[in-house]
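Reading through the structure tokens given below for one structure.
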Amino acid sequence: MTEKEMFEKKKKDYAELVIRSGVNLQKGQRLSISCPVECADFGKLCAAAAYEAGCSEVLMRWLDDDLKRMKFLNAADEVFDRVDTWTADYFNCLSEEGAAFLTIHSEDPDSLSGVDPERIKRSKISSGNALRAYRKSITNSECQWCVCAVPSKAWAKAVFPGLDEEAAEARLWDEILAACRADSGDAVGRWNAHIGEIRKHVDIMNSYNFKTLKYRNSAGTDVTVDLPEGHYWGGGAEESANGVMFSPNIPTEEVFTLPVRSSVNGRLAATKPLSLNGSLIEGFSFEVKDGKITEVHAEKGEDILRDAISVDEGASYFGEVALVAFDSPISRSGVLFLNTLFDENASCHFAFGSAYPNISGAEDMSEEELKARGMNTSMTHVDFMIGSSDLEITGITHDGREIAVFRDGNFVF
């Protein structure tokens, strides 16, 4: 087998992984794929794998960074305050039907650099309001969904600026396939074994049933977080409303839960840049009091970050705390992917905005009951990285015992 044939085989294995373990498509389901036009070949591999799995119909949505940028720079101003009914109906009706959703990321980290951040904010608000039913379905894992990524030329050059375009793209492919366990055959089997390892940490964290977590590192993070009554940790795979196990993120290394909305106090300092709304945010930190972000500081992109935490009232509170070992494979690669899907899996992180309802019995609770437990709601959810080689996390149990969870950036367990 030639080198090119081996590469094509790996890409096909990756597509099968995304369909069979990512969305875990069931026979007779419809599948919506959102794919950049530059990555059409991989989108078609995913469509072929879906039909092989018994998909009744693949619905393809083509995306393009250049056209998106043109729109934000040149479209009429009123465009950013509306979403056409057919767009809203597409997502809302498919989620109600029980279709599965696959999103293929390949965005240039600077694709919207220089765009008016107010336009981005207004577009996010209008989209969030129009797609409320779809967002609820995704957040509550009522349907199967998965996010994966493949290289684009612009993204690859941003990650590896010292390489020429072709070499950069090839290198990024190698790193993505390795991170997703799709680089050496039996991608589905290797992925499922990896999920089993993540579940071990999930079970340990759930066994402690911590009341509070305390974080500290030399980068400047010094924060305490309470966890809701009845919370549980998840990771690796989720179960849909129909009882189908799926992996929402490929790759993933995290174990996560939600904080009590009003309980986060202290300072959170980012240890990696954040690619947000087509711009890079660098050197940023938050001051937090009673759960709310009260101060924002950033060396680059502060205006973008300020707009992101003001999309709605819940955007300035937190919805996720996630644990990732500093010696995870993505971290050990030494690559800064400039893409949250990968960089969040190299580092412990928080997310401002909406929480996933990791509370026992949440499916039978009203939104008001979940809020009473401390769950934050928002139309946004943005992960940012705070992990480091010296991060310490201490858990406090309900009877007041202090137990080391992380030392030197890694699980103590």
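Chain lettering (A, B, ...) mirrors the order of the structure tokens, residue numbering begins at 1 for each chain separately, and ligand numbering begins at 1 in order of display.
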
Give one line per residue of region 194-301 of chain A that approaches region 168-180 of chain A to at most 10 Å, naming the two atoms of the closest pair and their distance in Å to one decimal, counting only C-alpha atoms; sort by chain then ascending residue number and deliver it as a tab-separated table.
```
residue	atom	partner	partner_atom	distance
A:His194	CA	A:Cys180	CA	9.7
A:Asn249	CA	A:Cys180	CA	9.8
A:Ile250	CA	A:Cys180	CA	6.2
A:Pro251	CA	A:Cys180	CA	5.0
A:Thr252	CA	A:Cys180	CA	8.0
A:Glu253	CA	A:Ala179	CA	9.6
```

Using N, CA and C atoms, can you write the selected residues to a file as a CSV table (one decimal), in the first residue's frame?
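Ended up saving to selection-v7.csv:
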```csv
chain,number,residue,atom,x,y,z
A,194,HIS,N,-10.7,3.8,24.7
A,194,HIS,CA,-10.3,5.1,25.3
A,194,HIS,C,-11.5,5.6,26.2
A,249,ASN,N,-18.0,14.8,21.3
A,249,ASN,CA,-16.7,15.4,20.8
A,249,ASN,C,-15.7,14.4,20.5
A,250,ILE,N,-15.2,14.5,19.3
A,250,ILE,CA,-14.0,13.7,18.9
A,250,ILE,C,-12.9,14.6,18.4
A,251,PRO,N,-11.8,14.7,19.2
A,251,PRO,CA,-11.4,13.9,20.3
A,251,PRO,C,-12.0,14.4,21.6
A,252,THR,N,-11.8,13.7,22.7
A,252,THR,CA,-12.2,14.1,24.0
A,252,THR,C,-11.3,13.4,25.0
A,253,GLU,N,-11.0,14.2,26.1
A,253,GLU,CA,-10.2,13.7,27.2
A,253,GLU,C,-10.8,14.1,28.5
```

Write out as a VMD selection string the set of residues from region 204-374 of chain A that DSSP, computed on the backbone, places in alpha helix (DSSP H).
chain A and resid 204 to 208 302 to 308 329 to 332 340 to 343 367 to 373

Selection: 8 Å around region 96-101 of chain A, only C-alpha atoms, excl. self and same-chain fewer than 5 positions, as number ranges by chain:
A: 23, 25, 29-33, 133-134, 137, 143-146

From A:Asn339, A:Ser354, A:Thr294, A:Ser285, residue lying nearest Ala158 (chain A) [only C-alpha atoms]:
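Counting only C-alpha atoms, the residue closest to Ala158 (chain A) is A:Asn339.
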
Env of Ala149 (chain A): 7 Å cut, atoms = only C-alpha atoms, seq-sep filter 5 positions within chain, self excluded. Answer as a ChimeraX atom specification.
/A:104-106
